[in-house]
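Report on one structure; see the data block that follows.
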Number of protein chains: 2
Amino acid sequence: MSEWIDEVGFDDNGLIPAIAQDAESGRILMLAWMNRESLLLTAEKMEAVYWSRSRQRLWHKGEESGHVQKVKEIRFDCDEDVIVLSVEQMGGIACHTGRESCFYRKLENGRWVETDAVIKDPADIYK
Amino acid sequence: MSEWIDEVGFDDNGLIPAIAQDAESGRILMLAWMNRESLLLTAEKMEAVYWSRSRQRLWHKGEESGHVQKVKEIRFDCDEDVIVLSVEQMGGIACHTGRESCFYRKLENGRWVETDAVIKDPADIYK
């Protein structure tokens, strides 16, 4: 019997991009990367576990900040090389800058304009 | 004066992942890749232009299918290495399988289960 994980395509670095989307509002919160182990752990715990490329280790989202992502649904795409997590974002903050979403800037008249305020000072998040 | 495009981080292959999200429903439609030129063209035309990794050429989404993506908004993230496009999806079909979204399968009891019907037979889309 084939396992679901064997249908997932990882890239040459053994990684797959994973998009986290707020299950309620539909807002896209962030994109991070997963390796096979982190995707298996995500499905097991139903909490987002990514692979930190900068730190080269498993990253249980919220492990420092408390901003855990409870996973409601896991999807993958037609090419089997992108994951979408539908999540409940603990604390309402996904971004390390203290904002709800990492996508807090939009292009307007040839400039990146901030659209979201900081909800919580990162200095108070990461102590 | 710094140009907005110079703030965007492309990876070692000169690419950045771009997520297309339906502007109305919030549904995530697909993820594709852009190089610098395709992102510039997207902002200029306000229609999604990706870089096809398989065909190694610019890919004006909908050029064959008619399923153009009208871009309402372009965002990027805190790390400046992911793009989100808020789009109006022409024809209501983003996926080459003839479905609204490429994310038409979810994980359920250890299996990938299809949740979306085909709206239009691909044989009728790509003639």
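To be explicit about the labels: the chains of the structure tokens are called A, B, and onward in the order shown, and within each one the residues are counted from 1, while ligands get numbers from 1 in the order they are shown.
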Return as a list of chain:residue names the full set of residues in range 81-121 of chain B whose backbone-based DSSP assignment is strand (DSSP E). B:Ile83, B:Val84, B:Leu85, B:Ser86, B:Val87, B:Glu88, B:Gln89, B:Arg105, B:Lys106, B:Leu107, B:Glu108, B:Arg111, B:Trp112, B:Val113, B:Glu114
Find the nearest atom pair between each residue of chain B and chain A for residues within 9 Å, count only C-alpha atoms, give distances in Å to one decimal, sort rows by chain and ascending number, and present the table as CSV.
```
residue,atom,partner,partner_atom,distance
B:Glu3,CA,A:Gly110,CA,7.4
B:Trp4,CA,A:Arg111,CA,5.5
B:Ile5,CA,A:Gly110,CA,8.7
B:Glu7,CA,A:Trp112,CA,8.9
B:Pro17,CA,A:Pro17,CA,8.7
B:Ile19,CA,A:Ile19,CA,8.7
B:Gln21,CA,A:Ile28,CA,8.5
B:Ser25,CA,A:Gly26,CA,8.1
B:Gly26,CA,A:Gly26,CA,5.4
B:Arg27,CA,A:Gly26,CA,7.0
B:Ile28,CA,A:Val84,CA,8.3
B:Met30,CA,A:Asp77,CA,7.5
B:Leu31,CA,A:Val82,CA,7.3
B:Ala43,CA,A:Leu107,CA,8.6
B:Glu73,CA,A:Lys106,CA,6.9
B:Ile74,CA,A:Lys106,CA,5.6
B:Arg75,CA,A:Lys106,CA,4.2
B:Phe76,CA,A:Phe103,CA,5.4
B:Asp77,CA,A:Phe103,CA,4.3
B:Cys78,CA,A:Cys102,CA,5.2
B:Asp79,CA,A:Cys102,CA,8.1
B:Val82,CA,A:Leu31,CA,7.3
B:Ile83,CA,A:Phe103,CA,8.3
B:Val84,CA,A:Phe103,CA,7.6
B:Cys95,CA,A:Cys78,CA,7.6
B:His96,CA,A:Cys78,CA,8.3
B:Thr97,CA,A:Cys78,CA,7.6
B:Ser101,CA,A:Asp77,CA,8.2
B:Cys102,CA,A:Asp77,CA,4.8
B:Phe103,CA,A:Asp77,CA,4.3
B:Tyr104,CA,A:Asp77,CA,6.7
B:Arg105,CA,A:Arg75,CA,5.5
B:Lys106,CA,A:Arg75,CA,4.2
B:Leu107,CA,A:Ile74,CA,5.5
B:Glu108,CA,A:Ile74,CA,8.5
B:Gly110,CA,A:Trp4,CA,6.1
B:Arg111,CA,A:Trp4,CA,5.5
B:Trp112,CA,A:Trp4,CA,6.5
```
How would the residues just picked look written out with N, CA and C atoms as a CSV table (one decimal), in the first residue's frame?
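Everything below was put into out-v3.csv:
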```
chain,number,residue,atom,x,y,z
B,3,GLU,N,14.7,51.0,-6.9
B,3,GLU,CA,13.5,50.5,-7.6
B,3,GLU,C,12.9,49.4,-6.8
B,4,TRP,N,11.6,49.2,-6.8
B,4,TRP,CA,10.9,48.2,-6.1
B,4,TRP,C,11.4,46.8,-6.4
B,5,ILE,N,11.8,46.6,-7.7
B,5,ILE,CA,12.2,45.3,-8.1
B,5,ILE,C,13.5,44.9,-7.4
B,7,GLU,N,14.4,45.3,-4.5
B,7,GLU,CA,14.2,44.9,-3.1
B,7,GLU,C,13.7,43.4,-3.0
B,17,PRO,N,9.1,32.2,-5.6
B,17,PRO,CA,7.7,31.6,-5.7
B,17,PRO,C,6.7,32.7,-5.6
B,19,ILE,N,2.5,33.0,-5.3
B,19,ILE,CA,1.2,32.4,-4.9
B,19,ILE,C,0.1,33.2,-5.6
B,21,GLN,N,-3.9,34.0,-5.5
B,21,GLN,CA,-5.0,33.8,-4.6
B,21,GLN,C,-6.2,34.5,-5.2
B,25,SER,N,-12.8,35.1,-3.3
B,25,SER,CA,-13.1,34.1,-2.4
B,25,SER,C,-11.9,33.8,-1.4
B,26,GLY,N,-10.7,34.3,-1.8
B,26,GLY,CA,-9.6,34.0,-0.9
B,26,GLY,C,-8.9,32.7,-1.2
B,27,ARG,N,-9.5,31.9,-2.0
B,27,ARG,CA,-9.0,30.6,-2.3
B,27,ARG,C,-7.6,30.6,-2.9
B,28,ILE,N,-6.7,29.8,-2.5
B,28,ILE,CA,-5.4,29.7,-3.1
B,28,ILE,C,-5.5,28.9,-4.3
B,30,MET,N,-3.0,28.6,-7.0
B,30,MET,CA,-1.8,27.9,-7.5
B,30,MET,C,-0.5,28.5,-6.9
B,31,LEU,N,0.6,27.9,-7.1
B,31,LEU,CA,1.9,28.5,-6.9
B,31,LEU,C,2.7,28.2,-8.1
B,43,ALA,N,3.8,43.2,-13.2
B,43,ALA,CA,3.4,44.5,-12.6
B,43,ALA,C,3.1,45.5,-13.7
B,73,GLU,N,-3.6,43.0,-6.9
B,73,GLU,CA,-2.6,43.4,-5.9
B,73,GLU,C,-1.4,42.5,-5.9
B,74,ILE,N,-0.3,43.1,-5.7
B,74,ILE,CA,1.0,42.3,-5.5
B,74,ILE,C,1.6,42.6,-4.2
B,75,ARG,N,1.8,41.5,-3.4
B,75,ARG,CA,2.4,41.6,-2.1
B,75,ARG,C,3.7,40.9,-2.0
B,76,PHE,N,4.6,41.2,-1.1
B,76,PHE,CA,5.7,40.3,-0.8
B,76,PHE,C,5.9,40.2,0.7
B,77,ASP,N,6.8,39.3,1.1
B,77,ASP,CA,6.8,39.0,2.5
B,77,ASP,C,8.0,39.6,3.2
B,78,CYS,N,8.0,39.4,4.5
B,78,CYS,CA,9.0,40.0,5.4
B,78,CYS,C,10.4,39.7,4.9
B,79,ASP,N,10.6,38.5,4.4
B,79,ASP,CA,12.0,38.1,4.0
B,79,ASP,C,12.2,38.4,2.5
B,82,VAL,N,9.1,35.8,-1.3
B,82,VAL,CA,7.8,35.2,-1.7
B,82,VAL,C,6.9,36.3,-2.2
B,83,ILE,N,6.2,36.0,-3.3
B,83,ILE,CA,5.2,37.0,-3.9
B,83,ILE,C,3.8,36.4,-3.7
B,84,VAL,N,2.8,37.3,-3.4
B,84,VAL,CA,1.4,36.9,-3.4
B,84,VAL,C,0.7,37.8,-4.4
B,95,CYS,N,-6.2,25.6,-12.7
B,95,CYS,CA,-5.4,24.4,-12.8
B,95,CYS,C,-5.5,23.8,-14.2
B,96,HIS,N,-4.4,23.2,-14.7
B,96,HIS,CA,-4.3,22.6,-16.0
B,96,HIS,C,-5.2,21.3,-16.1
B,97,THR,N,-5.7,20.9,-14.9
B,97,THR,CA,-6.5,19.7,-14.9
B,97,THR,C,-8.0,20.1,-15.1
B,101,SER,N,-8.8,25.3,-8.6
B,101,SER,CA,-7.6,25.5,-7.9
B,101,SER,C,-6.7,24.2,-8.1
B,102,CYS,N,-5.4,24.4,-8.1
B,102,CYS,CA,-4.5,23.3,-8.2
B,102,CYS,C,-4.5,22.5,-6.9
B,103,PHE,N,-5.1,23.1,-5.8
B,103,PHE,CA,-5.1,22.4,-4.5
B,103,PHE,C,-6.4,21.7,-4.3
B,104,TYR,N,-6.6,20.6,-5.1
B,104,TYR,CA,-7.9,20.0,-5.1
B,104,TYR,C,-7.9,18.7,-4.3
B,105,ARG,N,-6.8,18.4,-3.6
B,105,ARG,CA,-6.8,17.2,-2.8
B,105,ARG,C,-6.4,17.5,-1.4
B,106,LYS,N,-7.0,16.9,-0.5
B,106,LYS,CA,-6.7,17.1,0.9
B,106,LYS,C,-6.4,15.8,1.6
B,107,LEU,N,-5.6,15.9,2.6
B,107,LEU,CA,-5.2,14.6,3.4
B,107,LEU,C,-6.3,14.3,4.3
B,108,GLU,N,-6.7,13.0,4.2
B,108,GLU,CA,-7.8,12.5,5.1
B,108,GLU,C,-7.6,11.1,5.4
B,110,GLY,N,-4.9,9.6,6.2
B,110,GLY,CA,-3.8,9.0,5.6
B,110,GLY,C,-3.8,8.8,4.1
B,111,ARG,N,-4.8,9.4,3.4
B,111,ARG,CA,-4.9,9.4,2.0
B,111,ARG,C,-5.2,10.7,1.4
B,112,TRP,N,-4.8,11.0,0.2
B,112,TRP,CA,-5.1,12.2,-0.5
B,112,TRP,C,-6.4,12.0,-1.2
```
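Here the helix (DSSP H, G or I) residues in chain B, by DSSP on the backbone, are Trp4, Ile5, Asp6, Glu7, Arg36, Glu37, Ser38, Leu39, Leu40, Leu41, Thr42, Ala43, Glu44, Lys45, Met90, Gly91, Gly92, Pro122, Ala123, Asp124 and Ile125 of chain B.
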File dump, residues just selected, C-alpha atoms, as an mmCIF file, in the first residue's frame:
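Result written to out14.cif:
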```cif
data_model
loop_
_atom_site.group_PDB
_atom_site.id
_atom_site.type_symbol
_atom_site.label_atom_id
_atom_site.label_comp_id
_atom_site.auth_asym_id
_atom_site.auth_seq_id
_atom_site.Cartn_x
_atom_site.Cartn_y
_atom_site.Cartn_z
ATOM 1 C CA TRP B 4 10.927 48.199 -6.062
ATOM 2 C CA ILE B 5 12.203 45.260 -8.083
ATOM 3 C CA ASP B 6 15.647 45.578 -6.515
ATOM 4 C CA GLU B 7 14.168 44.853 -3.096
ATOM 5 C CA ARG B 36 12.876 39.171 -12.522
ATOM 6 C CA GLU B 37 11.541 39.714 -16.016
ATOM 7 C CA SER B 38 8.269 37.912 -15.382
ATOM 8 C CA LEU B 39 7.645 39.874 -12.182
ATOM 9 C CA LEU B 40 8.298 43.139 -14.005
ATOM 10 C CA LEU B 41 5.925 42.088 -16.781
ATOM 11 C CA THR B 42 3.286 41.071 -14.240
ATOM 12 C CA ALA B 43 3.434 44.502 -12.608
ATOM 13 C CA GLU B 44 3.378 46.235 -15.970
ATOM 14 C CA LYS B 45 0.465 44.286 -17.500
ATOM 15 C CA MET B 90 -10.666 34.365 -15.946
ATOM 16 C CA GLY B 91 -12.849 31.343 -16.677
ATOM 17 C CA GLY B 92 -12.803 30.392 -12.999
ATOM 18 C CA PRO B 122 -8.490 19.747 -20.359
ATOM 19 C CA ALA B 123 -8.928 18.351 -23.867
ATOM 20 C CA ASP B 124 -11.371 21.201 -24.465
ATOM 21 C CA ILE B 125 -9.104 23.775 -22.835
#
```
Please, what distance in Å, to one decimal, runs between CA of Glu47 in chain A and CA of Phe10 in chain A?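 Rounded to one decimal, the two atoms are 20.1 Å apart.
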As an exercise, work out the distance from CA of Tyr50 in chain B to CA of Trp33 in chain A in Å and give it to one decimal place. 20.6 Å
